[in-house]
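> Questions regarding the structure given below will be posed in turn.
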Amino acid sequence: MPYIRYNNSNIEIVNAAGNKIIDNSAKVDGKAYAKIAKVDVKSLVTEECVNTPEPISALGSGAVAKVPVVLAQLTVQANVNAIITLPEYAFEIKRIRKNLKITQCLIIQDTNILFIKGFIRKNIEYSTKESSNAEGFSGDIRHITVDIPINCTTPLDYNGIAPLQPVANTTSEFQYQKREDIHHPDFSEKDELLSGDLREHNQISTEFFNELPFCDLISSRIVEFDEQLMPEHPNDKKCETPFEEKRFRRIEEKMVVFITLRLLQNRLVAVPAVAGAVRGPKGD
């Protein structure tokens with residue numbers, strides 16, 4: 001069976017013995033092969049770039065490190081109301097497990113408004129009925145997992161340190177003077193046109209990459225109230241159940257979610273020298 005072999009200048013198809021049987025042809029042993037372009041590698045010259053040291057603006061004095069600085073720490077209260085429909089009739093909620101998930105924690109600095117988005121992942125275990133009589137019933141324990149969305153905004157008070165204000169990008173244009181002769185019957189040979197050159201476009205653009213504040217989750221506390229909606233006795237006359245047992249499919253839940261989070265921003269912080277620090281073997 002032929003196979004493809006690569007070399008510095010071409011691509012060849014050779015047989016099992018290693019002999020070239022085709023070079024960019026169309027067919028081998030009755031099989032069609034597409035023609036493949038040659039591989040070309042060019043070596044580029046790397047130019048030397050000059051650099052200029054820039055002043056470092058940091059908090060405090062000492063060795064400068066880039067670390068997250070706490071801007072604020074707060075507890076946000078989010079109120080959630082939702083209705084959950086089960087895939088089948090249930091007779092009792094056995095257990096509910098909840099986990100908070102945050103997908104967005106974004107501050108709009110000019111307004112000091114914090115946008116929070118996420119969801120509560122809930123796993124609900126409930127009992128079903130397989131057989132029953134007037135004295136009792138039996139069935140399986142089943143479960144569903146649902147995501148209850150959270151979406152709210154809250155004003156922010158910086159009880160740590162105020163964030164750095166973003167530096168805006170700038171764009172400026174400039175032009176050069178143009179001097180040229182005027183060839184027109186209304187002007188003399190000594191007249192000339194002095195103006196900016198409309199045939200060129202010169203511009204200076206400056207772009208700043210600001211550090212965006214971000215959030216860390218510390219803890220959450222969820223207080224909830226779940227209630228069955230329109231519980232009913234089974235309408236099947238052949239199905240007998242204890243008199244107090246009712247089935248339901250919908251649950252209305254009310255949750256108050258307390259989210260404690262920390263807002264941070266990467267900043268340059270100067271770390272002062274520590275008195276009495278252990279020196280290295282060479283006095284470093």
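If you're wondering about the labels, chains in the structure tokens are A, B, ... by order shown, residues count from 1 in each chain, ligands from 1 in order shown.
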Quick one: residues within 12 Å of Ile108 in chain A, only C-alpha atoms, excluding same-chain residues fewer than 6 positions away - as a ChimeraX atom specification?
/A:114-116,153-156,163,165-166,212-214
> Select, from A:Thr206, A:Gln265, A:Gln177, A:Thr145, the residue with the minimum atom-to-atom distance to Leu194 in chain A, counting only C-alpha atoms.
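Of the candidates, the smallest distance to Leu194 in chain A is held by A:Gln177.
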> For Ala82 in chain A, which residue out of A:Arg121, A:Lys254, A:Arg95, A:His184 is the nearest one, using only C-alpha atoms?
A:Lys254
> Using only C-alpha atoms, determine which residues lie at most 8 Å from range 229-235 of chain A, disregarding the query and same-chain residues fewer than 6 positions distant; provide the list as a PyMOL selection string.
chain A and resi 245-252
